[in-house]
There are 2 protein chains.
Amino acid sequence: MTTTTPGNAAHDATPDTPARATAPVGPLATSAFVRACRREPVPHTPVWFMRQAGRSLPEYRQLRSGIGMLESCRRPDLVAEITMQPVRRHGVDAAILFSDIVVPVAAAGVELDIVAGTGPVIAEPVRSAADVGRLRRITPDDVGFVDEAVRLLVAALGATPLIGFAGAPFTLASYLVEGGPSRTHGRTKALMYGDPQTWHALCARLAEITLEFLRVQVAAGVAAVQLFDSWAGTLSEADYRRHVLPHSAAVLHGLADAGVPRIHFGVGTAELLEAMGEAGADVVGVDWRTPLDAATARIGPDRAVQGNLDPCLLLAPWPVVRTEVRRVLADGLAAPGHVFNLGHGVLPETDPDVLTRVVDLVHETSQR
Amino acid sequence: MTTTTPGNAAHDATPDTPARATAPVGPLATSAFVRACRREPVPHTPVWFMRQAGRSLPEYRQLRSGIGMLESCRRPDLVAEITMQPVRRHGVDAAILFSDIVVPVAAAGVELDIVAGTGPVIAEPVRSAADVGRLRRITPDDVGFVDEAVRLLVAALGATPLIGFAGAPFTLASYLVEGGPSRTHGRTKALMYGDPQTWHALCARLAEITLEFLRVQVAAGVAAVQLFDSWAGTLSEADYRRHVLPHSAAVLHGLADAGVPRIHFGVGTAELLEAMGEAGADVVGVDWRTPLDAATARIGPDRAVQGNLDPCLLLAPWPVVRTEVRRVLADGLAAPGHVFNLGHGVLPETDPDVLTRVVDLVHETSQR
């Protein structure tokens, strides 16, 4: 891969000018991953895996042993090492910053813990205008550990792009309102329907927090960002457009001047793909329920797609995996740009060797 | 409501001729519910609620106090009383047999328990051809308690139709393979992809069990059946068609001669609505993610729809509920037949008075 300009201008951004980071140039801009996000010709389809840095890797489980999730996300040395592990092992085309969706709200002073086997547990759920009023903005200093981790990683990763990471306002709001993970999001929706003013105030504040969190990452050198709206798929399109889209758009449009591709992903979003693209995504993540060609027809020609192998498929025998990987690649040819990924995160019980084989197969099969 | 023929022929069917039950006639056939299922003109849109017999009602919680779920489902007096409670309280247009998805597999000898707050827990998960081989068929005698409960109910309900109830093969298979509820259905899909022969043998046997379970209900006088494929929405359409549809079709087509409307429902099935209709449904249940007019466009003119208010909406203030109920009714006008329902089960925290108000509102608004 050739470098057309020396160095990487994004490295020169400083934390106090977070919004002025410039687009990736040099090796990052010519990487297959960034090119696919921009719908430019690629030498091969790039591939990475949601949750590639995590529980499927023995080296991750060893490193995390005895260290809580929140602490892991706040220690730059650990974040860097965990983020690098799947790059070294699998040869993926992009790294994704190891973090958790609640890290920026914890940085905003919300008392919470990430309980193994459960997920985030919020000490005092946010359910009233007064609760929202206590939710403060964050400054770059609140997340200095992320700035440091990204800088360590950008230096170590070289030509491999690093994807920044944040949860979208709706998903964050759901954790804060419910007090933890929820199957139905009943309290969240009750607030959304019943007290739209408080709802919008909450999501607007969460959008500010998320935008600042991502700006710090962009300033420190990430080559792209992914905004995870894990639970958006629980909404109808009408509710998504009315209650959620404006806040996701505030984050995504707020990064328009950063010049890095913005990936937007949720699960179970068959009815939302078009709207999630309109929220300001350059790349729309698609789960396995919607074939990529059908997804492209809904999303339109102005956005790339990312996805969408069913993570459960990696538990099947290799010939089945191979057939399905090739099918996903074939479906992806209908899109103006395709980043190969799973349709959701890597399952903990996945054999990491299968992930490595998938990377090789994607590269071989898609060689232009 | 006038009766065109005397009595109800379905009452005369006996348990030893379960497949020869005849279609509802008399008051049941002229009920708004059965007419809507058959896409016939109705005096008003009929309404019932999935899980209407259950945890939202104080009289239910009182009755169930100290009695396990499986025992409740096996005691005809309790089944009848629990099934009647929402009919008395809300004036819904149909009752649904109180049961649980795992009742027929328990009747087939699978050792299991229904654990409060968790769901079904299977003592020895089914994961091999040998395990499937041990799964025996059921006879009407294995589920005599259901026959008895249905007969009690048909006598007590009069002109209010009773809907029979069973889980579909995929959802049952998931419980059996996983050993309990699963968020990802990883083991289930691994079996489905990795050992299709065992998978199809398992689902074929579950289809036999389910069909027998429903035939007993039809013979005892239910006016319709609902086949719940709760977890089908976790599948892509291609996987659904290849691995699941044939088995759901075996159940639904097996009831074609029974002459009662067959409702088929799953959650998160935006991509599956057409295929679920093709499986042999007269009525396709739709969750709140897909508007009923859009659903109808996919399902086609030969099937009615059922749904689809978001159950979380019932936690919102009444003016919001009212607006959304009216919107669902308006969307439903696009369908050749519409049974008003929620898009999933009633949440336990729902105020039952709101359910009653929704019934009244549906009736008032849709008066022809």
# chains A, B, ... in the order shown; residues from 1 in each chain; ligands from 1
call {"tool": "residues_around", "arguments": {"residues": "segment 71-78 of chain A", "least_positions_apart": "4", "cutoff": "10 Å", "atoms": "only C-alpha atoms", "output": "number ranges by chain"}}
result
A: 60, 63-64, 67, 82-84, 97-100, 103, 107, 113-114, 143-153
call {"tool": "interface_residues", "arguments": {"of": "chain A", "to": "chain B", "cutoff": "6 Å", "atoms": "only C-alpha atoms", "output": "list in words"}}
result
Gly186, Ala190, Tyr193, Gly194, Ser236, Arg289, Cys312, Leu315, Ala316 and Pro317 of chain A
call {"tool": "write_last_selection", "arguments": {"atoms": "N, CA and C atoms", "output": "short mmCIF file (atom, residue, chain, number, x, y, z; two decimals), in the first residue's frame"}}
result
data_model
loop_
_atom_site.label_atom_id
_atom_site.label_comp_id
_atom_site.auth_asym_id
_atom_site.auth_seq_id
_atom_site.Cartn_x
_atom_site.Cartn_y
_atom_site.Cartn_z
N GLY A 186 -39.61 -0.81 28.63
CA GLY A 186 -40.92 -0.26 29.00
C GLY A 186 -40.84 1.11 29.66
N ALA A 190 -42.09 4.59 28.13
CA ALA A 190 -43.10 5.31 28.89
C ALA A 190 -42.68 6.78 29.06
N TYR A 193 -42.93 8.47 25.50
CA TYR A 193 -44.30 8.78 25.09
C TYR A 193 -44.97 9.74 26.06
N GLY A 194 -44.65 9.58 27.33
CA GLY A 194 -45.43 10.27 28.36
C GLY A 194 -44.91 11.65 28.72
N SER A 236 -40.54 1.46 16.30
CA SER A 236 -41.09 1.59 14.95
C SER A 236 -40.38 2.74 14.26
N ARG A 289 -30.57 -10.21 9.55
CA ARG A 289 -31.95 -10.45 9.16
C ARG A 289 -32.26 -9.88 7.77
N CYS A 312 -24.01 -16.39 15.03
CA CYS A 312 -24.22 -17.80 15.37
C CYS A 312 -23.65 -18.73 14.31
N LEU A 315 -20.47 -20.69 14.79
CA LEU A 315 -20.49 -21.92 15.60
C LEU A 315 -20.75 -23.15 14.72
N ALA A 316 -20.99 -22.93 13.43
CA ALA A 316 -21.30 -24.03 12.50
C ALA A 316 -20.01 -24.59 11.89
N PRO A 317 -20.07 -25.76 11.26
CA PRO A 317 -18.88 -26.33 10.61
C PRO A 317 -18.39 -25.40 9.49
#
call {"tool": "residues_around", "arguments": {"residues": "Glu212 of chain A", "least_positions_apart": "5", "cutoff": "12 Å", "atoms": "only C-alpha atoms", "output": "number ranges by chain"}}
result
A: 15-19, 104-105, 107-108, 137-144, 146-147, 165-166, 205-207, 217-219, 250-252, 254-255
call {"tool": "atom_distance", "arguments": {"atom1": "atom CA of Gly68 of chain B", "atom2": "atom CA of Gly179 of chain B"}}
result
18.9 Å
call {"tool": "atom_distance", "arguments": {"atom1": "atom CA of Ala224 of chain A", "atom2": "atom CA of Val34 of chain A"}}
result
7.5 Å
call {"tool": "select_by_dssp", "arguments": {"residues": "segment 144-199 of chain B", "states": "alpha helix (DSSP H)", "output": "JSON, numbers by chain"}}
result
{"B": [144, 145, 146, 147, 148, 149, 150, 151, 152, 153, 154, 155, 156, 157, 169, 170, 171, 172, 173, 174, 175, 176, 177, 178, 186, 187, 188, 189, 190, 191, 192, 193, 194, 196, 197, 198, 199]}
call {"tool": "residues_around", "arguments": {"residues": "Glu124 of chain B", "least_positions_apart": "4", "cutoff": "12 Å", "atoms": "only C-alpha atoms", "output": "PyMOL selection string"}}
result
chain B and resi 109-113+128+131-132+134-135+175-180
call {"tool": "write_last_selection", "arguments": {"atoms": "N, CA and C atoms", "output": "compact mmCIF listing (two decimals), in the first residue's frame"}}
result
# COMPACT_ATOMS: atom_id res chain seq x y z
N GLY B 109 -43.04 -36.07 27.76
CA GLY B 109 -42.09 -36.72 28.66
C GLY B 109 -40.79 -35.96 28.88
N VAL B 110 -40.66 -34.79 28.30
CA VAL B 110 -39.45 -34.00 28.53
C VAL B 110 -39.50 -33.44 29.95
N GLU B 111 -38.44 -33.70 30.70
CA GLU B 111 -38.40 -33.21 32.07
C GLU B 111 -38.03 -31.73 32.09
N LEU B 112 -38.92 -30.92 32.60
CA LEU B 112 -38.67 -29.47 32.58
C LEU B 112 -39.43 -28.80 33.70
N ASP B 113 -39.03 -27.57 33.95
CA ASP B 113 -39.75 -26.74 34.91
C ASP B 113 -39.88 -25.34 34.32
N SER B 128 -28.67 -34.04 20.14
CA SER B 128 -28.13 -35.08 19.26
C SER B 128 -29.29 -35.88 18.66
N ASP B 131 -30.88 -37.89 21.30
CA ASP B 131 -31.80 -37.09 22.13
C ASP B 131 -33.15 -36.95 21.42
N VAL B 132 -33.08 -36.66 20.12
CA VAL B 132 -34.32 -36.49 19.36
C VAL B 132 -35.10 -37.81 19.34
N ARG B 134 -35.39 -39.93 21.55
CA ARG B 134 -36.10 -40.17 22.81
C ARG B 134 -37.35 -39.31 22.96
N LEU B 135 -37.53 -38.36 22.03
CA LEU B 135 -38.68 -37.45 22.12
C LEU B 135 -39.89 -38.12 21.48
N TYR B 175 -35.95 -23.80 22.91
CA TYR B 175 -35.96 -24.11 24.34
C TYR B 175 -35.30 -25.45 24.62
N LEU B 176 -35.61 -26.45 23.79
CA LEU B 176 -35.07 -27.79 24.05
C LEU B 176 -33.56 -27.84 23.84
N VAL B 177 -33.08 -27.18 22.80
CA VAL B 177 -31.65 -27.24 22.48
C VAL B 177 -30.84 -26.39 23.47
N GLU B 178 -31.33 -25.19 23.75
CA GLU B 178 -30.58 -24.30 24.64
C GLU B 178 -30.68 -24.77 26.10
N GLY B 179 -31.76 -25.45 26.42
CA GLY B 179 -31.99 -25.84 27.81
C GLY B 179 -32.78 -24.79 28.57
N GLY B 180 -33.13 -23.70 27.88
CA GLY B 180 -33.88 -22.62 28.51
C GLY B 180 -33.92 -21.43 27.57
call {"tool": "closest_residue", "arguments": {"among": "A:Arg262, A:Arg326, A:His200, A:Arg215", "to": "His243 of chain A", "atoms": "only C-alpha atoms"}}
result
A:His200
call {"tool": "select_by_dssp", "arguments": {"residues": "segment 121-297 of chain A", "states": "strand (DSSP E)", "output": "ChimeraX atom specification"}}
result
/A:121-122,162-167,224-228,262-265,283-285
call {"tool": "write_last_selection", "arguments": {"atoms": "all heavy atoms", "output": "short mmCIF file (atom, residue, chain, number, x, y, z; two decimals), in the first residue's frame"}}
result
data_model
loop_
_atom_site.label_atom_id
_atom_site.label_comp_id
_atom_site.auth_asym_id
_atom_site.auth_seq_id
_atom_site.Cartn_x
_atom_site.Cartn_y
_atom_site.Cartn_z
N VAL A 121 -25.23 -1.38 35.40
CA VAL A 121 -26.25 -1.17 36.43
C VAL A 121 -26.05 0.25 36.96
O VAL A 121 -24.96 0.63 37.39
CB VAL A 121 -26.11 -2.20 37.57
CG1 VAL A 121 -27.11 -1.91 38.69
CG2 VAL A 121 -26.32 -3.62 37.03
N ILE A 122 -27.13 1.04 36.87
CA ILE A 122 -27.08 2.46 37.22
C ILE A 122 -27.59 2.62 38.65
O ILE A 122 -28.68 2.14 38.97
CB ILE A 122 -27.98 3.29 36.27
CG1 ILE A 122 -27.76 2.88 34.80
CG2 ILE A 122 -27.81 4.79 36.49
CD1 ILE A 122 -26.44 3.22 34.21
N LEU A 162 -8.01 2.80 13.04
CA LEU A 162 -8.68 2.59 14.33
C LEU A 162 -10.06 3.23 14.26
O LEU A 162 -10.20 4.38 13.87
CB LEU A 162 -7.86 3.25 15.45
CG LEU A 162 -8.50 3.21 16.85
CD1 LEU A 162 -8.64 1.79 17.37
CD2 LEU A 162 -7.68 4.07 17.82
N ILE A 163 -11.07 2.45 14.64
CA ILE A 163 -12.45 2.96 14.67
C ILE A 163 -12.78 3.43 16.08
O ILE A 163 -12.59 2.68 17.04
CB ILE A 163 -13.44 1.84 14.25
CG1 ILE A 163 -13.05 1.25 12.88
CG2 ILE A 163 -14.87 2.39 14.21
CD1 ILE A 163 -13.85 0.00 12.51
N GLY A 164 -13.25 4.65 16.18
CA GLY A 164 -13.73 5.15 17.47
C GLY A 164 -15.09 4.57 17.78
O GLY A 164 -15.75 3.98 16.91
N PHE A 165 -15.53 4.74 19.02
CA PHE A 165 -16.68 3.98 19.51
C PHE A 165 -17.51 4.81 20.46
O PHE A 165 -16.99 5.41 21.39
CB PHE A 165 -16.14 2.74 20.24
CG PHE A 165 -17.17 1.97 21.01
CD1 PHE A 165 -17.76 0.84 20.46
CD2 PHE A 165 -17.55 2.36 22.29
CE1 PHE A 165 -18.71 0.11 21.18
CE2 PHE A 165 -18.50 1.63 23.00
CZ PHE A 165 -19.07 0.51 22.44
N ALA A 166 -18.83 4.82 20.25
CA ALA A 166 -19.74 5.40 21.25
C ALA A 166 -21.13 4.81 21.09
O ALA A 166 -21.51 4.37 20.00
CB ALA A 166 -19.79 6.92 21.12
N GLY A 167 -21.87 4.83 22.18
CA GLY A 167 -23.27 4.43 22.15
C GLY A 167 -24.13 5.63 21.76
O GLY A 167 -23.79 6.77 22.07
N ALA A 224 -12.15 6.53 11.79
CA ALA A 224 -13.59 6.40 11.55
C ALA A 224 -14.25 6.32 12.92
O ALA A 224 -13.55 6.17 13.94
CB ALA A 224 -13.90 5.13 10.75
N VAL A 225 -15.56 6.46 12.96
CA VAL A 225 -16.28 6.25 14.23
C VAL A 225 -17.46 5.34 13.97
O VAL A 225 -18.02 5.32 12.87
CB VAL A 225 -16.78 7.57 14.85
CG1 VAL A 225 -15.62 8.48 15.24
CG2 VAL A 225 -17.75 8.30 13.91
N GLN A 226 -17.82 4.57 15.00
CA GLN A 226 -19.07 3.81 14.91
C GLN A 226 -19.96 4.22 16.07
O GLN A 226 -19.57 4.14 17.24
CB GLN A 226 -18.81 2.29 14.94
CG GLN A 226 -20.14 1.51 14.97
CD GLN A 226 -20.07 0.13 14.35
OE1 GLN A 226 -19.39 -0.08 13.35
NE2 GLN A 226 -20.78 -0.83 14.93
N LEU A 227 -21.16 4.64 15.72
CA LEU A 227 -22.17 4.99 16.71
C LEU A 227 -23.12 3.82 16.83
O LEU A 227 -23.85 3.49 15.89
CB LEU A 227 -22.90 6.26 16.26
CG LEU A 227 -23.88 6.87 17.27
CD1 LEU A 227 -23.15 7.44 18.48
CD2 LEU A 227 -24.71 7.99 16.60
N PHE A 228 -23.08 3.17 18.01
CA PHE A 228 -23.89 1.98 18.25
C PHE A 228 -25.24 2.39 18.83
O PHE A 228 -25.29 2.93 19.94
CB PHE A 228 -23.24 1.07 19.29
CG PHE A 228 -22.14 0.20 18.76
CD1 PHE A 228 -20.84 0.69 18.66
CD2 PHE A 228 -22.38 -1.10 18.39
CE1 PHE A 228 -19.81 -0.12 18.19
CE2 PHE A 228 -21.35 -1.92 17.92
CZ PHE A 228 -20.07 -1.42 17.81
N ARG A 262 -18.48 7.87 9.23
CA ARG A 262 -19.33 7.63 10.40
C ARG A 262 -20.19 6.39 10.12
O ARG A 262 -21.00 6.41 9.20
CB ARG A 262 -20.22 8.85 10.63
CG ARG A 262 -19.45 10.11 10.99
CD ARG A 262 -20.24 11.37 10.59
NE ARG A 262 -20.43 11.43 9.14
CZ ARG A 262 -21.16 12.37 8.52
NH1 ARG A 262 -21.75 13.31 9.21
NH2 ARG A 262 -21.28 12.35 7.20
N ILE A 263 -19.98 5.37 10.92
CA ILE A 263 -20.76 4.13 10.80
C ILE A 263 -21.86 4.18 11.85
O ILE A 263 -21.62 4.58 12.99
CB ILE A 263 -19.87 2.89 11.05
CG1 ILE A 263 -18.58 2.95 10.21
CG2 ILE A 263 -20.66 1.61 10.75
CD1 ILE A 263 -17.56 1.88 10.58
N HIS A 264 -23.06 3.77 11.46
CA HIS A 264 -24.19 3.80 12.40
C HIS A 264 -24.81 2.41 12.38
O HIS A 264 -25.21 1.92 11.33
CB HIS A 264 -25.18 4.87 11.95
CG HIS A 264 -26.19 5.23 12.99
ND1 HIS A 264 -26.01 4.99 14.33
CD2 HIS A 264 -27.40 5.85 12.89
CE1 HIS A 264 -27.07 5.42 15.01
NE2 HIS A 264 -27.93 5.94 14.17
N PHE A 265 -24.91 1.81 13.56
CA PHE A 265 -25.35 0.41 13.64
C PHE A 265 -26.38 0.20 14.74
O PHE A 265 -26.28 0.74 15.83
CB PHE A 265 -24.16 -0.52 13.89
CG PHE A 265 -24.57 -1.94 14.17
CD1 PHE A 265 -24.98 -2.76 13.14
CD2 PHE A 265 -24.58 -2.44 15.47
CE1 PHE A 265 -25.40 -4.07 13.39
CE2 PHE A 265 -24.99 -3.76 15.72
CZ PHE A 265 -25.40 -4.56 14.69
N VAL A 283 -21.89 5.02 6.56
CA VAL A 283 -21.98 3.56 6.46
C VAL A 283 -23.09 3.11 7.40
O VAL A 283 -23.09 3.49 8.57
CB VAL A 283 -20.66 2.88 6.89
CG1 VAL A 283 -20.74 1.37 6.68
CG2 VAL A 283 -19.46 3.49 6.17
N VAL A 284 -24.02 2.32 6.90
CA VAL A 284 -25.08 1.79 7.76
C VAL A 284 -24.79 0.32 8.07
O VAL A 284 -24.63 -0.49 7.15
CB VAL A 284 -26.47 1.93 7.09
CG1 VAL A 284 -27.56 1.32 7.97
CG2 VAL A 284 -26.78 3.41 6.82
N GLY A 285 -24.69 0.01 9.35
CA GLY A 285 -24.52 -1.37 9.77
C GLY A 285 -25.84 -2.12 9.68
O GLY A 285 -26.88 -1.57 10.05
#
call {"tool": "closest_residue", "arguments": {"among": "B:Gln85, B:Gln367, B:Thr160, B:Thr210", "to": "Gln52 of chain B", "atoms": "only C-alpha atoms"}}
result
B:Gln85
call {"tool": "residues_around", "arguments": {"residues": "Cys37 of chain A", "least_positions_apart": "2", "cutoff": "9 Å", "atoms": "only C-alpha atoms", "output": "list in words"}}
result
Ala32, Phe33, Val34, Arg35, Arg39, Glu40, Ala224, Pro261, Arg262, Ile263, Asp282, Val283, Arg303, Ala304, Val305, Gln306, Gly337, His338 and Val339 of chain A
call {"tool": "decode", "arguments": {"residues": "segment 221-232 of chain A", "atoms": "all heavy atoms", "output": "compact mmCIF listing (two decimals), in the first residue's frame"}}
result
# COMPACT_ATOMS: atom_id res chain seq x y z
N GLY A 221 -6.96 10.82 16.75
CA GLY A 221 -6.50 10.12 15.55
C GLY A 221 -7.31 8.95 15.05
O GLY A 221 -6.83 8.23 14.16
N VAL A 222 -8.52 8.71 15.55
CA VAL A 222 -9.27 7.58 14.98
C VAL A 222 -9.59 7.89 13.51
O VAL A 222 -9.77 9.05 13.13
CB VAL A 222 -10.58 7.25 15.75
CG1 VAL A 222 -10.27 6.81 17.17
CG2 VAL A 222 -11.56 8.40 15.71
N ALA A 223 -9.65 6.85 12.70
CA ALA A 223 -9.83 7.00 11.25
C ALA A 223 -11.30 6.92 10.86
O ALA A 223 -11.65 7.17 9.70
CB ALA A 223 -9.04 5.92 10.52
N ALA A 224 -12.15 6.53 11.79
CA ALA A 224 -13.59 6.40 11.55
C ALA A 224 -14.25 6.32 12.92
O ALA A 224 -13.55 6.17 13.94
CB ALA A 224 -13.90 5.13 10.75
N VAL A 225 -15.56 6.46 12.96
CA VAL A 225 -16.28 6.25 14.23
C VAL A 225 -17.46 5.34 13.97
O VAL A 225 -18.02 5.32 12.87
CB VAL A 225 -16.78 7.57 14.85
CG1 VAL A 225 -15.62 8.48 15.24
CG2 VAL A 225 -17.75 8.30 13.91
N GLN A 226 -17.82 4.57 15.00
CA GLN A 226 -19.07 3.81 14.91
C GLN A 226 -19.96 4.22 16.07
O GLN A 226 -19.57 4.14 17.24
CB GLN A 226 -18.81 2.29 14.94
CG GLN A 226 -20.14 1.51 14.97
CD GLN A 226 -20.07 0.13 14.35
OE1 GLN A 226 -19.39 -0.08 13.35
NE2 GLN A 226 -20.78 -0.83 14.93
N LEU A 227 -21.16 4.64 15.72
CA LEU A 227 -22.17 4.99 16.71
C LEU A 227 -23.12 3.82 16.83
O LEU A 227 -23.85 3.49 15.89
CB LEU A 227 -22.90 6.26 16.26
CG LEU A 227 -23.88 6.87 17.27
CD1 LEU A 227 -23.15 7.44 18.48
CD2 LEU A 227 -24.71 7.99 16.60
N PHE A 228 -23.08 3.17 18.01
CA PHE A 228 -23.89 1.98 18.25
C PHE A 228 -25.24 2.39 18.83
O PHE A 228 -25.29 2.93 19.94
CB PHE A 228 -23.24 1.07 19.29
CG PHE A 228 -22.14 0.20 18.76
CD1 PHE A 228 -20.84 0.69 18.66
CD2 PHE A 228 -22.38 -1.10 18.39
CE1 PHE A 228 -19.81 -0.12 18.19
CE2 PHE A 228 -21.35 -1.92 17.92
CZ PHE A 228 -20.07 -1.42 17.81
N ASP A 229 -26.32 2.10 18.11
CA ASP A 229 -27.63 2.27 18.73
C ASP A 229 -28.24 0.88 18.91
O ASP A 229 -29.21 0.48 18.27
CB ASP A 229 -28.54 3.18 17.89
CG ASP A 229 -29.54 3.93 18.78
OD1 ASP A 229 -29.61 3.60 19.98
OD2 ASP A 229 -30.22 4.83 18.28
N SER A 230 -27.63 0.16 19.86
CA SER A 230 -27.91 -1.27 20.03
C SER A 230 -29.40 -1.56 20.10
O SER A 230 -29.86 -2.56 19.55
CB SER A 230 -27.26 -1.78 21.31
OG SER A 230 -25.95 -1.28 21.44
N TRP A 231 -30.16 -0.71 20.80
CA TRP A 231 -31.58 -1.03 21.05
C TRP A 231 -32.54 -0.30 20.12
O TRP A 231 -33.76 -0.42 20.30
CB TRP A 231 -31.95 -0.70 22.50
CG TRP A 231 -31.08 -1.29 23.55
CD1 TRP A 231 -30.64 -0.65 24.67
CD2 TRP A 231 -30.55 -2.61 23.63
NE1 TRP A 231 -29.87 -1.50 25.43
CE2 TRP A 231 -29.79 -2.71 24.80
CE3 TRP A 231 -30.63 -3.75 22.80
CZ2 TRP A 231 -29.13 -3.87 25.18
CZ3 TRP A 231 -29.96 -4.90 23.17
CH2 TRP A 231 -29.22 -4.95 24.35
N ALA A 232 -32.07 0.45 19.15
CA ALA A 232 -32.98 1.22 18.28
C ALA A 232 -34.01 0.31 17.61
O ALA A 232 -35.13 0.73 17.33
CB ALA A 232 -32.18 1.98 17.23
